[in-house]
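Working notes, structure below.
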Amino acid sequence: MKIRTGFGYDVHQMQEGLPFWLGGIQVPHTHGALGHSDADVLIHVICDALLGAANLRDIGFHFPDTDAQYKGIDSKRLLSEVMRLLRSKGYEVGNIDSTICLERPKVNPHIAEMQRVLAAVMGIDEDDISIKATTTEKLGFVGRQEGVAAYATVLIQRT
């Protein structure tokens, strides 16, 4: 069996009055992430990790922010397309391990719903998606609540 790993990292600025999309769901908050798409930082890092593991470049290559068709797009659509690309190369997801770095809002109450939504979009088991959350103890742009960051590692295997 051929297995490969991938890593993703992304950041988005937080801005008052925007909806906050995270892990495919809208999380109630006064601020949302700013971006060309819906700025779902968790989905973006998962996409990048999967694309990297399959040697398919990165999310910006496939869905450039210079292309108007992706303006405001639901990132679940991007993830669905990444899964199509991954499977076209003969790979399936083994597991995903991700971490969201954010001071507020608290993410833990929303993790189970994020796992359900992402698993449905990807066609995998919820148990194969680990989502963790941490703060930066008030340090840096995350600590000052100016932005959100996320990391993901994935394992894929040839089917």
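By order in the structure tokens, chains are A, B, ...; within a chain, residues start at 1; ligands start at 1, following the order shown.
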Among chain A, which residues carry a DSSP assignment of alpha helix (DSSP H), reported as a PyMOL selection string?
chain A and resi 41-53+59-62+75-88+111-122+140-143
Which residues come within 12 Å of Arg104 of chain A, counting only C-alpha atoms, excluding same-chain residues fewer than 4 positions away, as a short mmCIF file (atom, residue, chain, number, x, y, z; two decimals) with all heavy atoms, in the first residue's frame?
data_model
loop_
_atom_site.label_atom_id
_atom_site.label_comp_id
_atom_site.auth_asym_id
_atom_site.auth_seq_id
_atom_site.Cartn_x
_atom_site.Cartn_y
_atom_site.Cartn_z
N MET A 14 -9.14 38.85 10.70
CA MET A 14 -10.50 38.91 11.22
C MET A 14 -11.00 40.34 11.08
O MET A 14 -10.25 41.29 11.32
CB MET A 14 -10.55 38.47 12.69
CG MET A 14 -10.15 37.03 12.93
SD MET A 14 -11.31 35.84 12.23
CE MET A 14 -12.61 35.91 13.46
N PHE A 20 -18.52 34.36 10.13
CA PHE A 20 -17.33 33.57 10.45
C PHE A 20 -17.58 32.11 10.09
O PHE A 20 -18.27 31.39 10.80
CB PHE A 20 -16.98 33.71 11.93
CG PHE A 20 -15.67 33.09 12.30
CD1 PHE A 20 -14.60 33.04 11.41
CD2 PHE A 20 -15.48 32.56 13.56
CE1 PHE A 20 -13.38 32.47 11.76
CE2 PHE A 20 -14.27 31.99 13.93
CZ PHE A 20 -13.23 31.94 13.03
N VAL A 27 -19.99 30.02 12.48
CA VAL A 27 -19.82 30.11 13.92
C VAL A 27 -20.24 31.51 14.37
O VAL A 27 -19.74 32.49 13.83
CB VAL A 27 -18.35 29.82 14.32
CG1 VAL A 27 -18.13 30.02 15.80
CG2 VAL A 27 -17.95 28.41 13.88
N PRO A 28 -21.15 31.61 15.33
CA PRO A 28 -21.58 32.93 15.80
C PRO A 28 -20.41 33.72 16.40
O PRO A 28 -19.71 33.22 17.28
CB PRO A 28 -22.62 32.62 16.88
CG PRO A 28 -23.02 31.19 16.65
CD PRO A 28 -21.84 30.52 16.02
N HIS A 29 -20.21 34.92 15.88
CA HIS A 29 -19.15 35.80 16.41
C HIS A 29 -19.33 37.19 15.82
O HIS A 29 -19.96 37.35 14.77
CB HIS A 29 -17.77 35.23 16.04
CG HIS A 29 -16.63 35.89 16.75
ND1 HIS A 29 -16.62 36.12 18.11
CD2 HIS A 29 -15.45 36.37 16.31
CE1 HIS A 29 -15.48 36.72 18.46
NE2 HIS A 29 -14.76 36.88 17.37
N THR A 30 -18.76 38.18 16.47
CA THR A 30 -18.85 39.56 16.00
C THR A 30 -17.94 39.82 14.81
O THR A 30 -18.13 40.79 14.09
CB THR A 30 -18.47 40.54 17.12
OG1 THR A 30 -17.13 40.24 17.56
CG2 THR A 30 -19.44 40.43 18.30
N HIS A 31 -16.92 38.97 14.64
CA HIS A 31 -15.94 39.13 13.57
C HIS A 31 -15.93 37.87 12.70
O HIS A 31 -16.19 36.77 13.19
CB HIS A 31 -14.55 39.35 14.15
CG HIS A 31 -14.37 40.66 14.82
ND1 HIS A 31 -15.06 41.03 15.95
CD2 HIS A 31 -13.58 41.71 14.50
CE1 HIS A 31 -14.69 42.24 16.31
NE2 HIS A 31 -13.79 42.68 15.45
N GLY A 32 -15.57 38.04 11.45
CA GLY A 32 -15.39 36.92 10.54
C GLY A 32 -14.07 37.05 9.83
O GLY A 32 -13.43 38.11 9.85
N ILE A 100 -6.79 24.64 15.03
CA ILE A 100 -7.21 26.02 14.79
C ILE A 100 -6.64 26.88 15.91
O ILE A 100 -6.78 26.53 17.08
CB ILE A 100 -8.75 26.14 14.79
CG1 ILE A 100 -9.36 25.21 13.75
CG2 ILE A 100 -9.18 27.59 14.58
CD1 ILE A 100 -10.84 24.93 13.97
N ASN A 108 -14.38 24.73 20.69
CA ASN A 108 -14.73 23.38 21.15
C ASN A 108 -16.22 23.04 21.05
O ASN A 108 -16.55 21.92 20.66
CB ASN A 108 -14.22 23.14 22.57
CG ASN A 108 -12.76 22.75 22.58
OD1 ASN A 108 -12.28 22.10 21.65
ND2 ASN A 108 -12.04 23.15 23.62
N ALA A 133 -8.36 22.85 18.95
CA ALA A 133 -8.30 24.31 19.00
C ALA A 133 -7.36 24.73 20.12
O ALA A 133 -7.27 24.06 21.15
CB ALA A 133 -9.69 24.89 19.24
N THR A 134 -6.69 25.84 19.89
CA THR A 134 -5.81 26.39 20.90
C THR A 134 -5.81 27.91 20.77
O THR A 134 -6.24 28.46 19.76
CB THR A 134 -4.37 25.84 20.75
OG1 THR A 134 -3.59 26.21 21.89
CG2 THR A 134 -3.70 26.33 19.48
N THR A 135 -5.33 28.56 21.81
CA THR A 135 -5.08 30.01 21.75
C THR A 135 -3.58 30.20 21.61
O THR A 135 -2.81 29.24 21.64
CB THR A 135 -5.57 30.72 23.03
OG1 THR A 135 -4.74 30.32 24.12
CG2 THR A 135 -7.04 30.39 23.32
N THR A 136 -3.17 31.44 21.49
CA THR A 136 -1.74 31.73 21.52
C THR A 136 -1.38 32.50 22.78
O THR A 136 -0.40 33.23 22.82
CB THR A 136 -1.30 32.52 20.26
OG1 THR A 136 -2.04 33.73 20.19
CG2 THR A 136 -1.50 31.69 19.01
N GLU A 137 -2.22 32.33 23.82
CA GLU A 137 -1.99 32.96 25.12
C GLU A 137 -1.81 34.47 24.98
O GLU A 137 -0.94 35.08 25.60
CB GLU A 137 -0.78 32.33 25.83
CG GLU A 137 -0.91 30.83 26.05
CD GLU A 137 -2.04 30.45 27.00
OE1 GLU A 137 -2.37 31.25 27.90
OE2 GLU A 137 -2.58 29.34 26.83
N LYS A 138 -2.63 35.05 24.11
CA LYS A 138 -2.68 36.50 23.86
C LYS A 138 -1.43 37.05 23.16
O LYS A 138 -1.21 38.25 23.12
CB LYS A 138 -2.99 37.27 25.14
CG LYS A 138 -4.30 36.81 25.78
CD LYS A 138 -4.82 37.81 26.76
CE LYS A 138 -6.05 37.36 27.50
NZ LYS A 138 -7.06 36.66 26.79
N VAL A 142 -2.83 36.47 16.44
CA VAL A 142 -3.94 35.65 16.93
C VAL A 142 -4.32 36.11 18.34
O VAL A 142 -5.50 36.29 18.64
CB VAL A 142 -3.61 34.15 16.89
CG1 VAL A 142 -4.66 33.33 17.62
CG2 VAL A 142 -3.46 33.67 15.45
N GLY A 143 -3.33 36.31 19.17
CA GLY A 143 -3.57 36.74 20.55
C GLY A 143 -4.25 38.09 20.64
O GLY A 143 -5.04 38.34 21.56
N ARG A 144 -3.94 38.96 19.69
CA ARG A 144 -4.58 40.29 19.64
C ARG A 144 -5.94 40.23 18.94
O ARG A 144 -6.57 41.26 18.74
CB ARG A 144 -3.67 41.29 18.94
CG ARG A 144 -2.39 41.63 19.72
CD ARG A 144 -1.59 42.74 19.06
NE ARG A 144 -1.19 42.43 17.70
CZ ARG A 144 -0.07 41.81 17.34
NH1 ARG A 144 0.79 41.40 18.28
NH2 ARG A 144 0.22 41.59 16.07
N GLN A 145 -6.36 39.06 18.54
CA GLN A 145 -7.64 38.81 17.86
C GLN A 145 -7.73 39.54 16.51
O GLN A 145 -8.80 39.91 16.07
CB GLN A 145 -8.81 39.17 18.77
CG GLN A 145 -8.82 38.34 20.04
CD GLN A 145 -9.96 38.68 20.96
OE1 GLN A 145 -11.08 38.84 20.52
NE2 GLN A 145 -9.66 38.77 22.25
N GLU A 146 -6.59 39.70 15.86
CA GLU A 146 -6.55 40.30 14.53
C GLU A 146 -6.71 39.27 13.43
O GLU A 146 -7.00 39.63 12.29
CB GLU A 146 -5.20 41.02 14.34
CG GLU A 146 -4.99 42.17 15.29
CD GLU A 146 -3.55 42.69 15.29
OE1 GLU A 146 -2.69 42.12 14.59
OE2 GLU A 146 -3.31 43.67 16.00
N GLY A 147 -6.50 38.00 13.77
CA GLY A 147 -6.57 36.97 12.75
C GLY A 147 -6.75 35.59 13.33
O GLY A 147 -6.72 35.39 14.55
N VAL A 148 -6.93 34.65 12.43
CA VAL A 148 -7.08 33.24 12.77
C VAL A 148 -6.07 32.46 11.94
O VAL A 148 -5.79 32.82 10.79
CB VAL A 148 -8.53 32.74 12.51
CG1 VAL A 148 -8.95 32.98 11.07
CG2 VAL A 148 -8.72 31.29 12.90
#
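Nearest-residue note for Asp97 of chain A: choosing from A:Lys132, A:His44, A:Arg158, A:Arg116, the minimum distance belongs to A:Lys132, counting only C-alpha atoms.
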Could you check the closest approach to Gly94 of chain A for each of A:Ala112, A:Ala68, A:Val117, A:Ile156 and tell me which residue wins, using only C-alpha atoms?
A:Ile156
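Reported to one decimal place, the separation of atom CA of Ile124 of chain A from atom CA of Pro105 of chain A is 27.3 Å.
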Tell me which protein, DNA and RNA residues are within 12 Å of segment 77-83 of chain A, counting only C-alpha atoms, leaving out same-chain ones fewer than 2 positions away, and put them as a ChimeraX atom specification.
/A:23-24,37-64,69-75,85-93,117-124,156
Between atom CA of Leu18 of chain A and atom CA of Thr99 of chain A, distance in Å (one decimal)
22.1 Å
May I have all residues of chain A that DSSP, computed from the backbone, assigns to strand (DSSP E or B), given as a PDB file with N, CA and C atoms, in the first residue's frame?
ATOM      1  N   ILE A   3       1.373   5.071   0.880  1.00  0.00           N
ATOM      2  CA  ILE A   3       0.816   6.140   1.709  1.00  0.00           C
ATOM      3  C   ILE A   3       1.663   7.390   1.555  1.00  0.00           C
ATOM      4  N   ARG A   4       1.021   8.548   1.729  1.00  0.00           N
ATOM      5  CA  ARG A   4       1.706   9.833   1.635  1.00  0.00           C
ATOM      6  C   ARG A   4       1.127  10.755   2.694  1.00  0.00           C
ATOM      7  N   THR A   5       1.927  11.742   3.099  1.00  0.00           N
ATOM      8  CA  THR A   5       1.456  12.732   4.063  1.00  0.00           C
ATOM      9  C   THR A   5       1.471  14.110   3.422  1.00  0.00           C
ATOM     10  N   GLY A   6       0.665  14.993   3.978  1.00  0.00           N
ATOM     11  CA  GLY A   6       0.625  16.375   3.504  1.00  0.00           C
ATOM     12  C   GLY A   6       0.416  17.307   4.678  1.00  0.00           C
ATOM     13  N   PHE A   7       0.807  18.563   4.479  1.00  0.00           N
ATOM     14  CA  PHE A   7       0.720  19.578   5.528  1.00  0.00           C
ATOM     15  C   PHE A   7       0.103  20.836   4.944  1.00  0.00           C
ATOM     16  N   GLY A   8      -0.756  21.487   5.712  1.00  0.00           N
ATOM     17  CA  GLY A   8      -1.355  22.751   5.294  1.00  0.00           C
ATOM     18  C   GLY A   8      -1.284  23.785   6.396  1.00  0.00           C
ATOM     19  N   TYR A   9      -1.115  25.049   5.996  1.00  0.00           N
ATOM     20  CA  TYR A   9      -1.084  26.176   6.928  1.00  0.00           C
ATOM     21  C   TYR A   9      -1.763  27.351   6.250  1.00  0.00           C
ATOM     22  N   ASP A  10      -2.579  28.087   7.001  1.00  0.00           N
ATOM     23  CA  ASP A  10      -3.238  29.264   6.440  1.00  0.00           C
ATOM     24  C   ASP A  10      -3.560  30.236   7.560  1.00  0.00           C
ATOM     25  N   VAL A  11      -3.662  31.505   7.192  1.00  0.00           N
ATOM     26  CA  VAL A  11      -4.093  32.566   8.111  1.00  0.00           C
ATOM     27  C   VAL A  11      -5.075  33.463   7.375  1.00  0.00           C
ATOM     28  N   HIS A  12      -5.981  34.047   8.139  1.00  0.00           N
ATOM     29  CA  HIS A  12      -6.894  35.050   7.603  1.00  0.00           C
ATOM     30  C   HIS A  12      -7.066  36.152   8.639  1.00  0.00           C
ATOM     31  N   GLN A  13      -7.158  37.351   8.157  1.00  0.00           N
ATOM     32  CA  GLN A  13      -7.437  38.500   9.005  1.00  0.00           C
ATOM     33  C   GLN A  13      -8.893  38.421   9.470  1.00  0.00           C
ATOM     34  N   MET A  14      -9.138  38.847  10.705  1.00  0.00           N
ATOM     35  CA  MET A  14     -10.505  38.905  11.224  1.00  0.00           C
ATOM     36  C   MET A  14     -11.000  40.345  11.083  1.00  0.00           C
ATOM     37  N   GLN A  15     -12.274  40.467  10.693  1.00  0.00           N
ATOM     38  CA  GLN A  15     -12.858  41.794  10.488  1.00  0.00           C
ATOM     39  C   GLN A  15     -14.273  41.810  11.061  1.00  0.00           C
ATOM     40  N   GLU A  16     -14.595  42.887  11.738  1.00  0.00           N
ATOM     41  CA  GLU A  16     -15.916  43.033  12.344  1.00  0.00           C
ATOM     42  C   GLU A  16     -17.009  43.045  11.277  1.00  0.00           C
ATOM     43  N   PHE A  20     -18.522  34.359  10.133  1.00  0.00           N
ATOM     44  CA  PHE A  20     -17.334  33.573  10.453  1.00  0.00           C
ATOM     45  C   PHE A  20     -17.581  32.111  10.095  1.00  0.00           C
ATOM     46  N   TRP A  21     -17.005  31.706   8.955  1.00  0.00           N
ATOM     47  CA  TRP A  21     -17.100  30.326   8.489  1.00  0.00           C
ATOM     48  C   TRP A  21     -15.872  29.564   8.941  1.00  0.00           C
ATOM     49  N   LEU A  22     -16.104  28.429   9.574  1.00  0.00           N
ATOM     50  CA  LEU A  22     -15.008  27.625  10.103  1.00  0.00           C
ATOM     51  C   LEU A  22     -15.429  26.160  10.062  1.00  0.00           C
ATOM     52  N   ILE A  25     -19.069  25.387   8.769  1.00  0.00           N
ATOM     53  CA  ILE A  25     -20.254  25.896   9.459  1.00  0.00           C
ATOM     54  C   ILE A  25     -20.053  27.374   9.788  1.00  0.00           C
ATOM     55  N   GLN A  26     -21.155  28.075   9.969  1.00  0.00           N
ATOM     56  CA  GLN A  26     -21.059  29.463  10.390  1.00  0.00           C
ATOM     57  C   GLN A  26     -21.068  29.496  11.913  1.00  0.00           C
ATOM     58  N   VAL A  27     -19.988  30.023  12.475  1.00  0.00           N
ATOM     59  CA  VAL A  27     -19.823  30.106  13.922  1.00  0.00           C
ATOM     60  C   VAL A  27     -20.243  31.506  14.368  1.00  0.00           C
ATOM     61  N   HIS A  31     -16.923  38.974  14.640  1.00  0.00           N
ATOM     62  CA  HIS A  31     -15.945  39.130  13.570  1.00  0.00           C
ATOM     63  C   HIS A  31     -15.927  37.867  12.703  1.00  0.00           C
ATOM     64  N   GLY A  32     -15.570  38.041  11.450  1.00  0.00           N
ATOM     65  CA  GLY A  32     -15.388  36.918  10.544  1.00  0.00           C
ATOM     66  C   GLY A  32     -14.068  37.052   9.826  1.00  0.00           C
ATOM     67  N   ALA A  33     -13.659  35.976   9.182  1.00  0.00           N
ATOM     68  CA  ALA A  33     -12.393  35.981   8.453  1.00  0.00           C
ATOM     69  C   ALA A  33     -12.573  36.659   7.100  1.00  0.00           C
ATOM     70  N   TYR A  91      -6.241   8.100  -4.821  1.00  0.00           N
ATOM     71  CA  TYR A  91      -6.007   8.202  -3.375  1.00  0.00           C
ATOM     72  C   TYR A  91      -7.304   8.354  -2.599  1.00  0.00           C
ATOM     73  N   GLU A  92      -7.263   7.890  -1.362  1.00  0.00           N
ATOM     74  CA  GLU A  92      -8.327   8.108  -0.383  1.00  0.00           C
ATOM     75  C   GLU A  92      -7.691   8.664   0.888  1.00  0.00           C
ATOM     76  N   VAL A  93      -8.481   9.355   1.676  1.00  0.00           N
ATOM     77  CA  VAL A  93      -8.018   9.928   2.935  1.00  0.00           C
ATOM     78  C   VAL A  93      -7.893   8.834   3.979  1.00  0.00           C
ATOM     79  N   GLY A  94      -6.748   8.796   4.639  1.00  0.00           N
ATOM     80  CA  GLY A  94      -6.561   7.920   5.797  1.00  0.00           C
ATOM     81  C   GLY A  94      -7.071   8.631   7.039  1.00  0.00           C
ATOM     82  N   ASN A  95      -6.479   9.798   7.305  1.00  0.00           N
ATOM     83  CA  ASN A  95      -6.953  10.620   8.408  1.00  0.00           C
ATOM     84  C   ASN A  95      -6.454  12.052   8.251  1.00  0.00           C
ATOM     85  N   ILE A  96      -7.094  12.936   9.000  1.00  0.00           N
ATOM     86  CA  ILE A  96      -6.753  14.359   9.042  1.00  0.00           C
ATOM     87  C   ILE A  96      -6.570  14.751  10.492  1.00  0.00           C
ATOM     88  N   ASP A  97      -5.525  15.495  10.776  1.00  0.00           N
ATOM     89  CA  ASP A  97      -5.303  16.061  12.111  1.00  0.00           C
ATOM     90  C   ASP A  97      -5.113  17.556  11.931  1.00  0.00           C
ATOM     91  N   SER A  98      -5.963  18.348  12.560  1.00  0.00           N
ATOM     92  CA  SER A  98      -5.911  19.800  12.359  1.00  0.00           C
ATOM     93  C   SER A  98      -5.957  20.550  13.688  1.00  0.00           C
ATOM     94  N   THR A  99      -5.426  21.760  13.648  1.00  0.00           N
ATOM     95  CA  THR A  99      -5.446  22.648  14.811  1.00  0.00           C
ATOM     96  C   THR A  99      -5.822  24.045  14.351  1.00  0.00           C
ATOM     97  N   ILE A 100      -6.790  24.644  15.033  1.00  0.00           N
ATOM     98  CA  ILE A 100      -7.214  26.023  14.794  1.00  0.00           C
ATOM     99  C   ILE A 100      -6.640  26.876  15.910  1.00  0.00           C
ATOM    100  N   CYS A 101      -6.009  27.996  15.557  1.00  0.00           N
ATOM    101  CA  CYS A 101      -5.434  28.918  16.537  1.00  0.00           C
ATOM    102  C   CYS A 101      -6.290  30.176  16.564  1.00  0.00           C
ATOM    103  N   ILE A 129     -11.415  12.548  11.091  1.00  0.00           N
ATOM    104  CA  ILE A 129     -11.144  13.993  11.089  1.00  0.00           C
ATOM    105  C   ILE A 129     -10.960  14.473  12.524  1.00  0.00           C
ATOM    106  N   SER A 130      -9.745  14.805  12.875  1.00  0.00           N
ATOM    107  CA  SER A 130      -9.444  15.366  14.188  1.00  0.00           C
ATOM    108  C   SER A 130      -9.360  16.887  14.064  1.00  0.00           C
ATOM    109  N   ILE A 131     -10.108  17.583  14.906  1.00  0.00           N
ATOM    110  CA  ILE A 131     -10.067  19.044  14.946  1.00  0.00           C
ATOM    111  C   ILE A 131      -9.776  19.453  16.381  1.00  0.00           C
ATOM    112  N   LYS A 132      -8.696  20.189  16.544  1.00  0.00           N
ATOM    113  CA  LYS A 132      -8.321  20.695  17.857  1.00  0.00           C
ATOM    114  C   LYS A 132      -8.296  22.217  17.794  1.00  0.00           C
ATOM    115  N   ALA A 133      -8.356  22.849  18.950  1.00  0.00           N
ATOM    116  CA  ALA A 133      -8.299  24.306  19.001  1.00  0.00           C
ATOM    117  C   ALA A 133      -7.365  24.729  20.125  1.00  0.00           C
ATOM    118  N   THR A 134      -6.691  25.839  19.890  1.00  0.00           N
ATOM    119  CA  THR A 134      -5.806  26.392  20.896  1.00  0.00           C
ATOM    120  C   THR A 134      -5.805  27.908  20.769  1.00  0.00           C
ATOM    121  N   GLY A 147      -6.495  37.998  13.767  1.00  0.00           N
ATOM    122  CA  GLY A 147      -6.565  36.968  12.752  1.00  0.00           C
ATOM    123  C   GLY A 147      -6.751  35.588  13.334  1.00  0.00           C
ATOM    124  N   VAL A 148      -6.933  34.645  12.435  1.00  0.00           N
ATOM    125  CA  VAL A 148      -7.081  33.237  12.775  1.00  0.00           C
ATOM    126  C   VAL A 148      -6.066  32.460  11.943  1.00  0.00           C
ATOM    127  N   ALA A 149      -5.510  31.417  12.523  1.00  0.00           N
ATOM    128  CA  ALA A 149      -4.563  30.557  11.821  1.00  0.00           C
ATOM    129  C   ALA A 149      -4.999  29.106  12.003  1.00  0.00           C
ATOM    130  N   ALA A 150      -4.577  28.264  11.087  1.00  0.00           N
ATOM    131  CA  ALA A 150      -4.878  26.838  11.209  1.00  0.00           C
ATOM    132  C   ALA A 150      -3.775  26.022  10.543  1.00  0.00           C
ATOM    133  N   TYR A 151      -3.638  24.803  11.031  1.00  0.00           N
ATOM    134  CA  TYR A 151      -2.667  23.832  10.518  1.00  0.00           C
ATOM    135  C   TYR A 151      -3.383  22.512  10.313  1.00  0.00           C
ATOM    136  N   ALA A 152      -2.931  21.742   9.334  1.00  0.00           N
ATOM    137  CA  ALA A 152      -3.478  20.401   9.152  1.00  0.00           C
ATOM    138  C   ALA A 152      -2.405  19.481   8.583  1.00  0.00           C
ATOM    139  N   THR A 153      -2.418  18.268   9.050  1.00  0.00           N
ATOM    140  CA  THR A 153      -1.640  17.196   8.435  1.00  0.00           C
ATOM    141  C   THR A 153      -2.622  16.120   7.998  1.00  0.00           C
ATOM    142  N   VAL A 154      -2.301  15.457   6.903  1.00  0.00           N
ATOM    143  CA  VAL A 154      -3.166  14.410   6.386  1.00  0.00           C
ATOM    144  C   VAL A 154      -2.318  13.198   6.014  1.00  0.00           C
ATOM    145  N   LEU A 155      -2.984  12.066   6.039  1.00  0.00           N
ATOM    146  CA  LEU A 155      -2.423  10.832   5.515  1.00  0.00           C
ATOM    147  C   LEU A 155      -3.363  10.377   4.410  1.00  0.00           C
ATOM    148  N   ILE A 156      -2.802  10.120   3.241  1.00  0.00           N
ATOM    149  CA  ILE A 156      -3.611   9.576   2.147  1.00  0.00           C
ATOM    150  C   ILE A 156      -3.001   8.242   1.735  1.00  0.00           C
ATOM    151  N   GLN A 157      -3.818   7.396   1.146  1.00  0.00           N
ATOM    152  CA  GLN A 157      -3.327   6.083   0.703  1.00  0.00           C
ATOM    153  C   GLN A 157      -3.894   5.764  -0.660  1.00  0.00           C
ATOM    154  N   ARG A 158      -3.084   5.079  -1.439  1.00  0.00           N
ATOM    155  CA  ARG A 158      -3.530   4.660  -2.763  1.00  0.00           C
ATOM    156  C   ARG A 158      -4.554   3.546  -2.596  1.00  0.00           C
TER     157      ARG A 158
END
